[in-house]
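Reviewing the structure listed below.
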There are 2 protein chains.
Amino acid sequence: MIIHLDPGDLPASWYNVVPDLLELALPPPMSSSGYPLGNNDLSSVATSSIIKQELEREKKDISIPGPVLDLYSEWRPTPMYRAERWEKILDTPARIYYKYEGNSASGSHQMNTALAQAYYASQEKPVKRIVTATGDGDWGISLAIACNYFNIRCTVFMVRSGYDEKESGRFMMEVLGAEVIPSPSERTLAGKKKLAQAPDSPGSLGIALSEAFEDASTRDDTKFSWGTVMNHVLLHQTIIGQEARLQLKNAGVKPDIIICAVGGGSGFGGLVFPLYRNRSAGTRIIAVETAACPSLSKGRYAYDYGDAEGLSPLLKMYTLGHSFVPPGISAGGMRYHGISPLISALYREKRIEARSYSQKRAFEAAVMFARAEGLIPSPESSYAVAAVIDEANACKEKKERKNILFLLDASGNLEFTTYREYIRDGVEEHPFHEDQVAAALEKLPEVRQS
Amino acid sequence: MIIHLDPGDLPASWYNVVPDLLELALPPPMSSSGYPLGNNDLSSVATSSIIKQELEREKKDISIPGPVLDLYSEWRPTPMYRAERWEKILDTPARIYYKYEGNSASGSHQMNTALAQAYYASQEKPVKRIVTATGDGDWGISLAIACNYFNIRCTVFMVRSGYDEKESGRFMMEVLGAEVIPSPSERTLAGKKKLAQAPDSPGSLGIALSEAFEDASTRDDTKFSWGTVMNHVLLHQTIIGQEARLQLKNAGVKPDIIICAVGGGSGFGGLVFPLYRNRSAGTRIIAVETAACPSLSKGRYAYDYGDAEGLSPLLKMYTLGHSFVPPGISAGGMRYHGISPLISALYREKRIEARSYSQKRAFEAAVMFARAEGLIPSPESSYAVAAVIDEANACKEKKERKNILFLLDASGNLEFTTYREYIRDGVEEHPFHEDQVAAALEKLPEVRQS
């Protein structure tokens with residue numbers, strides 16, 4: 001059953017959660033020199049609009065620029081569904097709702113921030129080019145589409161292993177006209193350094209981020225684009241939760257349990273923040289991680305870099321260490337050592353729960369969901385689907401009719417190689433590498449606040 | 001720019017064009033014994049509801065069953081867009097509109113008929129299973145999803161070459177729980193016969209259809225499912241054109257040129273039929289074929305079988321001969337020797353035009369469109385996109401501000417292997433095999449009407 005939202009009810013502003021979280025004493029981002037991050041620290045890599053949004057601590061409602069809102073309206077408001085077929089199969093008294101972001105041009109929620117970032121770049125001279133890093137290409141596809149809309153060139157450093165194996169992402173970006181460079185590359189000092197150490201390096205998201213960051217900071221016409229983790233990215237995603245809030249209201253539903261997968265946290269922040277403010281007492285919010293890279297569940301709350309080489313700002317977050325290279329699970333968006341500082345702060349103060357599942361459990365859940373609902377979940381959202389099953393089963397045991405809401409952040413239709421592995425070859429399990437994480441945590445930067 | 005249609009305006013019936021085309025003296029389908037097709041000829045392979053719809057020559061409005069309408073409403077009405085960004089790049093005075101069917105669960109318009117067919121199967125005892133044939137899996141994915149919704153088992157005979165090469169289709173069907181059998185197989189007499197002749201046969205859609213047809217006709221619990229060509233399939237697709245008619249009306253637009261790719265004709269019939277009735281004088285309607293398999297442009301208007309072995313009914317249509325095996329172009333949906341009898345009759349009477357493009361032209365057009373609009377076209381609809389470019393350029397030359405409407409029948413996101421070929425390897429051209437077609441036309445069945 002679909003829960004519509006009238007096109008006229010498309011929210012016209014993003015919701016900045018920061019003012020409502022100041023009570024948590026949010027630790028500010030720091031420059032590597034130990035000062036709270038300011039305009040100057042970011043100006044070589046980000047546009048002034050993005051920097052302003054990143055550091056905004058007062059204004060709650062940030063207007064969405066007209067051209068971005070027009071593009072949003074090409075597929076938004078996105079549908080919310082009640083999963084009645086799946087409820088029946090699960091034989092649960094729970095009512096399961098999900099917000100579906102798979103109908104954007106890229107098939108993913110990442111269009112929400114890609115459009116905003118490309119628009120701001122198009123408004124700032126002399127910017128003509130955006131550079132970013134991607135693991136399996138999902139983020140790069142969204143950014144490539146958005147850059148085309150605003151006549152901005154797009155370069156994507158793609159982790160070498162993804163470039164070689166995740167052909168869907170690579171070739172879709174190339175169809176869309178983006179320049180795709182396997183990382184590590186000879187294009188940057190960071191890449192050259194890595195290649196000198198390991199000529200056959202499969203790369204990592206950390207290294208690709210370093211390369212993209214270096215590229216942006218050394219060229220006047222180029223800005224770097226973050227796909228997750230940063231406050232401004234989560235801000236742009238709050239369009240999801242604002243729509244969800246209106247849809248739940250129209251349907252007369254109060255969610256008892258809100259479930260979302262977390263990689264860097266952009267989908268989670270997007271869904272949860274607008275619902276957090278007005279949540280009922282007793283509403284549970286669950287962040288679901290992969291057991292192979294459980295930043296919240298097993299990480300340390302500390303200042304750490306976002307990239308491997310330490311070129312990015314220092315963020316206070318739950319981290320497994322910026323030098324930790326997560327195992328090659330299929331959900332590329334979950335292979336990141338840290339979690340958004342805003343979500344980390346919520347977890348630190350026990351406002352949200354965290355839970356992790358193995359890749360196998362996530363796949364099994366995704367296949368069950370796909371057969372019931374017809375939509376194939378992205379590998380990332382499959383982890384949320386696994387958690388929903390557990391909660392629905394708990395409702396069955398306790399005979400409780402709770403309302404469960406979760407985010408289906410993207411279509412999994414591009415991910416057939418992933419599902420092929422599950423169907424044909426069985427899923428390789430990647431246990432938590434405790435020793436590697438311990439070693440990475442030893443290498444956290446020392447931050448002496450000036 | 002999106003042209004919405006209110007959910008409350010979702011049409012509640014399909015439009016049967018047959019009564020409005022009786023003036024064309026539609027030749028009836030025939031059984032192989034030379035009599036006009038009746039209930040009994042189809043009852044072993046189709047449900048009674050489907051047979052009734054296939055043979056309906058009086059009733060224009062066929063009610064959509066409630067459960068099917070409920071499922072339609074999960075993603076319908078589908079959006080219509082004005083392609084303003086693309087118009088600008090084409091620098092044309094023409095206004096280009098397209099109806100987009102890529103937001104269904106399968107990403108394709110084929111859900112429209114799959115749902116209806118699975119529903120009718122679920123209503124008829126002792127039917128528990130549907131069997132079909134697919135080339136690259138697109139049709140099979142839609143049918144697998146629909147069967148899950150109605151608790152019907154789904155078996156798909158998949159052309160061996162597609163089974164081996166188009167992994168996206170195969171594994172997505174398997175994720176969805178369908179049984180996928182490479183054809184030719186040992187499961188049927190038709191398959192065994194082919195394997196005896198050619199153990200390494202790559203198969204063809206004609207053979208896979210024969211296998212599926214034989215499977216259905218020999219089992220009481222099983223019905224065959226057509227994905228295109230037949231009247232009832234086109235009927236179910238008229239939901240597209242009915243919505244388009246309302247959207248054009250809301251936007252105050254009269255189309256001057258309507259363009260649609262044709263393989264078997266289900267997308268074409270779906271878009272065009274509801275617009276045909278009330279078209280303005282001078283409205284041009286263009287069916288776009290692949291130059292590798294140009295059934296309308298180069299075929300013969302004759303009774304022919306739908307499958308390779310001659311198990312299916314005889315249809316009067318433009319055909320290249322049921323024994324013609326089209327070359328391996330990427331657009332699997334365009335690799336069929338015939339065209340819907342209804343569309344064939346319209347072409348015979350010069351009510352519509354036909355035109356063909358090479359695979360290379362189609363790809364170039366698709367990439368241009370994708371970079372402008374952000375949506376990657378299915379390989380099938382890419383041929384329509386090529387024709388739109390030509391018409392938009394003609395408008396530019398003549399300084400005419402015409403309204404062009406075309407159908408984007410499916411998302412091309414599952415088709416990255418196709419685009420990879422274009423980007424990395426260049427496109428192999430498949431010229432029209434005149435000698436092979438001439439040989440196949442020699443083998444048309446002799447139909448002596450009793």
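Residues are named by chain letter and number: chains run A, B, ... in the order of the structure tokens, numbers start at 1 in each chain, and ligands are numbered from 1 in the order shown.
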Dump as JSON lines the rows for residues of chain B within 6 Å of chain A: closest atom pair and distance in Å with one decimal, only C-alpha atoms counted, ordered by chain and rising residue number.
{"residue": "B:Ile2", "atom": "CA", "partner": "A:Glu74", "partner_atom": "CA", "distance": 5.4}
{"residue": "B:Glu74", "atom": "CA", "partner": "A:Ile2", "partner_atom": "CA", "distance": 5.4}
{"residue": "B:Asn103", "atom": "CA", "partner": "A:Asn103", "partner_atom": "CA", "distance": 5.9}
{"residue": "B:Ala105", "atom": "CA", "partner": "A:Leu375", "partner_atom": "CA", "distance": 5.4}
{"residue": "B:Ile145", "atom": "CA", "partner": "A:Gly374", "partner_atom": "CA", "distance": 5.3}
{"residue": "B:Ser168", "atom": "CA", "partner": "A:Phe416", "partner_atom": "CA", "distance": 5.5}
{"residue": "B:Phe171", "atom": "CA", "partner": "A:Arg420", "partner_atom": "CA", "distance": 5.5}
{"residue": "B:Leu176", "atom": "CA", "partner": "A:Arg371", "partner_atom": "CA", "distance": 5.2}
{"residue": "B:Arg371", "atom": "CA", "partner": "A:Leu176", "partner_atom": "CA", "distance": 5.2}
{"residue": "B:Gly374", "atom": "CA", "partner": "A:Ile145", "partner_atom": "CA", "distance": 5.3}
{"residue": "B:Leu375", "atom": "CA", "partner": "A:Ala105", "partner_atom": "CA", "distance": 5.3}
{"residue": "B:Leu414", "atom": "CA", "partner": "A:Leu414", "partner_atom": "CA", "distance": 5.6}
{"residue": "B:Phe416", "atom": "CA", "partner": "A:Ser168", "partner_atom": "CA", "distance": 5.4}
{"residue": "B:Arg420", "atom": "CA", "partner": "A:Phe171", "partner_atom": "CA", "distance": 5.6}
Which residues come within 8 Å of range 254-269 of chain B, counting only C-alpha atoms, excluding same-chain residues fewer than 3 positions away, as a PyMOL selection string?
chain B and resi 109+227-229+233-235+237-238+248-249+272-273+280+282-289+333-336+338-340+343+380-384+387-388+402-407+409
Could you name the residues that touch Ser201 in chain B at 9 Å or less, counting only C-alpha atoms, but leaving out those on the same chain fewer than 4 positions away, as a VMD selection string?
chain B and resid 160 to 161 183 to 184 194 to 195 197
Save the residues we just selected, all heavy atoms, as a PDB file, in the first residue's frame?
ATOM      1  N   ARG B 160      19.704 -19.545 -24.370  1.00  0.00           N
ATOM      2  CA  ARG B 160      21.009 -19.942 -23.809  1.00  0.00           C
ATOM      3  C   ARG B 160      22.044 -18.823 -23.875  1.00  0.00           C
ATOM      4  O   ARG B 160      22.767 -18.580 -22.909  1.00  0.00           O
ATOM      5  CB  ARG B 160      21.519 -21.198 -24.563  1.00  0.00           C
ATOM      6  CG  ARG B 160      22.985 -21.506 -24.425  1.00  0.00           C
ATOM      7  CD  ARG B 160      23.430 -22.082 -23.108  1.00  0.00           C
ATOM      8  NE  ARG B 160      22.921 -23.419 -22.851  1.00  0.00           N
ATOM      9  CZ  ARG B 160      23.162 -24.092 -21.714  1.00  0.00           C
ATOM     10  NH1 ARG B 160      23.877 -23.540 -20.750  1.00  0.00           N
ATOM     11  NH2 ARG B 160      22.662 -25.283 -21.541  1.00  0.00           N
ATOM     12  N   SER B 161      22.130 -18.124 -25.005  1.00  0.00           N
ATOM     13  CA  SER B 161      23.144 -17.070 -25.118  1.00  0.00           C
ATOM     14  C   SER B 161      22.888 -15.962 -24.086  1.00  0.00           C
ATOM     15  O   SER B 161      23.826 -15.418 -23.512  1.00  0.00           O
ATOM     16  CB  SER B 161      23.170 -16.487 -26.533  1.00  0.00           C
ATOM     17  OG  SER B 161      21.895 -15.960 -26.859  1.00  0.00           O
ATOM     18  N   SER B 183      17.620 -22.405 -22.644  1.00  0.00           N
ATOM     19  CA  SER B 183      16.945 -23.049 -23.779  1.00  0.00           C
ATOM     20  C   SER B 183      17.858 -23.002 -24.998  1.00  0.00           C
ATOM     21  O   SER B 183      18.459 -21.966 -25.262  1.00  0.00           O
ATOM     22  CB  SER B 183      15.638 -22.313 -24.074  1.00  0.00           C
ATOM     23  OG  SER B 183      15.144 -22.677 -25.347  1.00  0.00           O
ATOM     24  N   PRO B 184      17.991 -24.087 -25.792  1.00  0.00           N
ATOM     25  CA  PRO B 184      17.225 -25.332 -25.728  1.00  0.00           C
ATOM     26  C   PRO B 184      17.609 -26.186 -24.518  1.00  0.00           C
ATOM     27  O   PRO B 184      18.762 -26.200 -24.096  1.00  0.00           O
ATOM     28  CB  PRO B 184      17.587 -26.043 -27.034  1.00  0.00           C
ATOM     29  CG  PRO B 184      18.870 -25.422 -27.500  1.00  0.00           C
ATOM     30  CD  PRO B 184      18.886 -24.029 -26.969  1.00  0.00           C
ATOM     31  N   LYS B 194      16.114 -29.813 -30.861  1.00  0.00           N
ATOM     32  CA  LYS B 194      17.123 -28.815 -31.225  1.00  0.00           C
ATOM     33  C   LYS B 194      18.503 -29.260 -30.746  1.00  0.00           C
ATOM     34  O   LYS B 194      19.500 -29.132 -31.474  1.00  0.00           O
ATOM     35  CB  LYS B 194      16.760 -27.470 -30.594  1.00  0.00           C
ATOM     36  CG  LYS B 194      17.621 -26.310 -31.070  1.00  0.00           C
ATOM     37  CD  LYS B 194      17.283 -25.900 -32.485  1.00  0.00           C
ATOM     38  CE  LYS B 194      18.436 -25.137 -33.126  1.00  0.00           C
ATOM     39  NZ  LYS B 194      18.189 -24.895 -34.557  1.00  0.00           N
ATOM     40  N   LEU B 195      18.566 -29.792 -29.520  1.00  0.00           N
ATOM     41  CA  LEU B 195      19.860 -30.216 -28.978  1.00  0.00           C
ATOM     42  C   LEU B 195      20.436 -31.394 -29.768  1.00  0.00           C
ATOM     43  O   LEU B 195      21.655 -31.506 -29.912  1.00  0.00           O
ATOM     44  CB  LEU B 195      19.720 -30.594 -27.493  1.00  0.00           C
ATOM     45  CG  LEU B 195      19.575 -29.409 -26.533  1.00  0.00           C
ATOM     46  CD1 LEU B 195      19.284 -29.897 -25.118  1.00  0.00           C
ATOM     47  CD2 LEU B 195      20.820 -28.518 -26.536  1.00  0.00           C
ATOM     48  N   GLN B 197      20.057 -31.808 -32.943  1.00  0.00           N
ATOM     49  CA  GLN B 197      20.630 -31.214 -34.164  1.00  0.00           C
ATOM     50  C   GLN B 197      21.916 -30.437 -33.860  1.00  0.00           C
ATOM     51  O   GLN B 197      22.877 -30.478 -34.611  1.00  0.00           O
ATOM     52  CB  GLN B 197      19.642 -30.209 -34.789  1.00  0.00           C
ATOM     53  CG  GLN B 197      18.365 -30.820 -35.331  1.00  0.00           C
ATOM     54  CD  GLN B 197      17.286 -29.748 -35.542  1.00  0.00           C
ATOM     55  OE1 GLN B 197      17.487 -28.581 -35.233  1.00  0.00           O
ATOM     56  NE2 GLN B 197      16.137 -30.172 -36.074  1.00  0.00           N
TER      57      GLN B 197
END
Can you list every residue in range 192-412 of chain B that DSSP puts in strand (DSSP E), as a ChimeraX atom specification?
/B:222-224,257-261,284-290,300-305,314-319,353-357,403-408
Nearest candidate to Gln242 in chain B (options B:Ser44, B:Asn393, B:Thr92, B:Asn16; using only C-alpha atoms):
B:Asn16
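Taking CA of Ala362 in chain A and CA of Ile89 in chain A as endpoints, the distance between them is 17.5 Å.
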Taking the DSSP secondary structure from the backbone, can you list the residues of range 147-189 of chain B that are alpha helix (DSSP H), as a PDB file with C-alpha atoms, in the first residue's frame?
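See out_15.pdb below for the written result:
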ATOM      1  CA  CYS B 147       3.971 -14.202  -9.740  1.00  0.00           C
ATOM      2  CA  ASN B 148       5.366 -13.626  -6.252  1.00  0.00           C
ATOM      3  CA  TYR B 149       2.601 -11.120  -5.532  1.00  0.00           C
ATOM      4  CA  ARG B 160      21.009 -19.942 -23.809  1.00  0.00           C
ATOM      5  CA  SER B 161      23.144 -17.070 -25.118  1.00  0.00           C
ATOM      6  CA  GLY B 162      21.295 -14.677 -22.819  1.00  0.00           C
ATOM      7  CA  TYR B 163      21.558 -17.127 -19.915  1.00  0.00           C
ATOM      8  CA  ASP B 164      25.330 -17.237 -20.354  1.00  0.00           C
ATOM      9  CA  GLU B 165      25.936 -13.573 -21.146  1.00  0.00           C
ATOM     10  CA  GLU B 167      23.806 -12.324 -16.095  1.00  0.00           C
ATOM     11  CA  SER B 168      21.798  -9.382 -14.822  1.00  0.00           C
ATOM     12  CA  GLY B 169      18.553 -10.840 -16.123  1.00  0.00           C
ATOM     13  CA  ARG B 170      19.288 -14.380 -15.063  1.00  0.00           C
ATOM     14  CA  PHE B 171      20.396 -13.679 -11.535  1.00  0.00           C
ATOM     15  CA  MET B 172      17.703 -11.119 -10.857  1.00  0.00           C
ATOM     16  CA  MET B 173      15.076 -13.701 -11.821  1.00  0.00           C
ATOM     17  CA  GLU B 174      16.740 -16.207  -9.518  1.00  0.00           C
ATOM     18  CA  VAL B 175      16.885 -13.711  -6.663  1.00  0.00           C
ATOM     19  CA  LEU B 189      10.525 -32.318 -27.032  1.00  0.00           C
TER      20      LEU B 189
END
Can you pull out every residue within 12 Å of Val18 in chain A, counting only C-alpha atoms, but drop anything in the same chain fewer than 5 positions away, and send it as a PDB file with N, CA and C atoms, in the first residue's frame?
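Saved as selection-v3.pdb:
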ATOM      1  N   GLU A  23      22.619  20.632  22.820  1.00  0.00           N
ATOM      2  CA  GLU A  23      22.616  20.093  24.188  1.00  0.00           C
ATOM      3  C   GLU A  23      23.570  18.908  24.348  1.00  0.00           C
ATOM      4  N   LEU A  24      23.913  18.274  23.234  1.00  0.00           N
ATOM      5  CA  LEU A  24      24.839  17.140  23.313  1.00  0.00           C
ATOM      6  C   LEU A  24      26.290  17.608  23.330  1.00  0.00           C
ATOM      7  N   ALA A  25      26.500  18.937  23.358  1.00  0.00           N
ATOM      8  CA  ALA A  25      27.854  19.491  23.349  1.00  0.00           C
ATOM      9  C   ALA A  25      28.672  18.934  22.201  1.00  0.00           C
ATOM     10  N   LEU A  26      28.183  19.176  20.986  1.00  0.00           N
ATOM     11  CA  LEU A  26      28.833  18.639  19.786  1.00  0.00           C
ATOM     12  C   LEU A  26      30.284  19.115  19.686  1.00  0.00           C
ATOM     13  N   PRO A  27      31.220  18.206  19.627  1.00  0.00           N
ATOM     14  CA  PRO A  27      32.618  18.629  19.449  1.00  0.00           C
ATOM     15  C   PRO A  27      32.815  19.168  18.033  1.00  0.00           C
ATOM     16  N   PRO A  28      33.412  20.327  17.865  1.00  0.00           N
ATOM     17  CA  PRO A  28      33.544  20.909  16.526  1.00  0.00           C
ATOM     18  C   PRO A  28      34.572  20.148  15.696  1.00  0.00           C
ATOM     19  N   GLN A  53      27.034  25.935   5.198  1.00  0.00           N
ATOM     20  CA  GLN A  53      26.110  24.901   5.686  1.00  0.00           C
ATOM     21  C   GLN A  53      26.821  23.932   6.633  1.00  0.00           C
ATOM     22  N   GLU A  54      28.058  23.630   6.342  1.00  0.00           N
ATOM     23  CA  GLU A  54      28.795  22.676   7.166  1.00  0.00           C
ATOM     24  C   GLU A  54      28.967  23.206   8.591  1.00  0.00           C
ATOM     25  N   LEU A  55      29.166  24.511   8.702  1.00  0.00           N
ATOM     26  CA  LEU A  55      29.487  25.101  10.011  1.00  0.00           C
ATOM     27  C   LEU A  55      28.277  25.752  10.690  1.00  0.00           C
ATOM     28  N   GLU A  56      27.118  25.690  10.059  1.00  0.00           N
ATOM     29  CA  GLU A  56      25.921  26.381  10.580  1.00  0.00           C
ATOM     30  C   GLU A  56      25.452  25.744  11.891  1.00  0.00           C
ATOM     31  N   ARG A  57      25.393  26.538  12.950  1.00  0.00           N
ATOM     32  CA  ARG A  57      24.974  26.017  14.256  1.00  0.00           C
ATOM     33  C   ARG A  57      23.736  26.728  14.799  1.00  0.00           C
ATOM     34  N   GLU A  58      23.169  27.662  14.028  1.00  0.00           N
ATOM     35  CA  GLU A  58      22.024  28.412  14.556  1.00  0.00           C
ATOM     36  C   GLU A  58      20.735  28.209  13.773  1.00  0.00           C
ATOM     37  N   LYS A  59      20.863  28.368  12.452  1.00  0.00           N
ATOM     38  CA  LYS A  59      19.665  28.306  11.609  1.00  0.00           C
ATOM     39  C   LYS A  59      19.195  26.869  11.441  1.00  0.00           C
ATOM     40  N   LYS A  60      17.896  26.663  11.694  1.00  0.00           N
ATOM     41  CA  LYS A  60      17.380  25.296  11.551  1.00  0.00           C
ATOM     42  C   LYS A  60      16.870  25.007  10.139  1.00  0.00           C
ATOM     43  N   ASP A  61      16.254  26.012   9.506  1.00  0.00           N
ATOM     44  CA  ASP A  61      15.689  25.781   8.180  1.00  0.00           C
ATOM     45  C   ASP A  61      16.538  26.457   7.116  1.00  0.00           C
ATOM     46  N   ILE A  62      17.066  25.668   6.222  1.00  0.00           N
ATOM     47  CA  ILE A  62      17.936  26.182   5.157  1.00  0.00           C
ATOM     48  C   ILE A  62      17.166  26.054   3.842  1.00  0.00           C
ATOM     49  N   MET A 230      29.691  14.229   6.342  1.00  0.00           N
ATOM     50  CA  MET A 230      29.732  15.647   6.715  1.00  0.00           C
ATOM     51  C   MET A 230      28.328  16.195   6.999  1.00  0.00           C
ATOM     52  N   ASN A 231      28.277  17.211   7.854  1.00  0.00           N
ATOM     53  CA  ASN A 231      26.979  17.794   8.239  1.00  0.00           C
ATOM     54  C   ASN A 231      26.154  18.250   7.034  1.00  0.00           C
ATOM     55  N   HIS A 232      26.805  18.892   6.056  1.00  0.00           N
ATOM     56  CA  HIS A 232      26.024  19.446   4.943  1.00  0.00           C
ATOM     57  C   HIS A 232      25.406  18.351   4.096  1.00  0.00           C
ATOM     58  N   LEU A 234      24.357  15.358   5.240  1.00  0.00           N
ATOM     59  CA  LEU A 234      23.186  14.885   5.984  1.00  0.00           C
ATOM     60  C   LEU A 234      22.057  15.918   5.909  1.00  0.00           C
ATOM     61  N   LEU A 235      22.444  17.205   5.942  1.00  0.00           N
ATOM     62  CA  LEU A 235      21.447  18.275   5.799  1.00  0.00           C
ATOM     63  C   LEU A 235      20.634  18.090   4.526  1.00  0.00           C
ATOM     64  N   GLY A 269      20.903   9.949   8.746  1.00  0.00           N
ATOM     65  CA  GLY A 269      20.634  11.329   9.150  1.00  0.00           C
ATOM     66  C   GLY A 269      19.432  11.889   8.410  1.00  0.00           C
ATOM     67  N   PHE A 273      16.776  12.498  11.415  1.00  0.00           N
ATOM     68  CA  PHE A 273      16.830  13.823  12.058  1.00  0.00           C
ATOM     69  C   PHE A 273      15.465  14.530  12.085  1.00  0.00           C
ATOM     70  N   PRO A 274      14.743  14.596  10.965  1.00  0.00           N
ATOM     71  CA  PRO A 274      13.446  15.302  11.019  1.00  0.00           C
ATOM     72  C   PRO A 274      12.410  14.596  11.899  1.00  0.00           C
ATOM     73  N   TYR A 276      13.377  12.874  14.681  1.00  0.00           N
ATOM     74  CA  TYR A 276      13.949  12.831  16.025  1.00  0.00           C
ATOM     75  C   TYR A 276      13.333  13.904  16.922  1.00  0.00           C
ATOM     76  N   ARG A 277      13.201  15.095  16.344  1.00  0.00           N
ATOM     77  CA  ARG A 277      12.755  16.242  17.126  1.00  0.00           C
ATOM     78  C   ARG A 277      11.395  15.990  17.786  1.00  0.00           C
ATOM     79  N   PRO A 341      29.758  12.652  12.585  1.00  0.00           N
ATOM     80  CA  PRO A 341      29.870  13.167  13.960  1.00  0.00           C
ATOM     81  C   PRO A 341      28.517  13.399  14.640  1.00  0.00           C
ATOM     82  N   LEU A 342      27.517  13.812  13.873  1.00  0.00           N
ATOM     83  CA  LEU A 342      26.194  14.058  14.479  1.00  0.00           C
ATOM     84  C   LEU A 342      25.585  12.753  14.984  1.00  0.00           C
ATOM     85  N   ILE A 343      25.700  11.713  14.185  1.00  0.00           N
ATOM     86  CA  ILE A 343      25.154  10.414  14.592  1.00  0.00           C
ATOM     87  C   ILE A 343      26.003   9.836  15.732  1.00  0.00           C
ATOM     88  N   ALA A 345      27.471  11.531  18.013  1.00  0.00           N
ATOM     89  CA  ALA A 345      27.098  12.218  19.254  1.00  0.00           C
ATOM     90  C   ALA A 345      25.792  11.656  19.818  1.00  0.00           C
ATOM     91  N   LEU A 346      24.834  11.362  18.928  1.00  0.00           N
ATOM     92  CA  LEU A 346      23.566  10.769  19.380  1.00  0.00           C
ATOM     93  C   LEU A 346      23.807   9.403  20.026  1.00  0.00           C
TER      94      LEU A 346
END
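Note that CA of Leu115 in chain A and CA of Asn40 in chain A are 24.3 Å apart.
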Just the number, please: distance in Å from CA of Trp226 in chain B to CA of Ile51 in chain B, one decimal.
11.8 Å
Which residue gives the smallest distance to Ala133 in chain B among B:Ala354, B:Leu311, B:Ala208, B:Cys395, with only C-alpha atoms counted?
B:Ala208
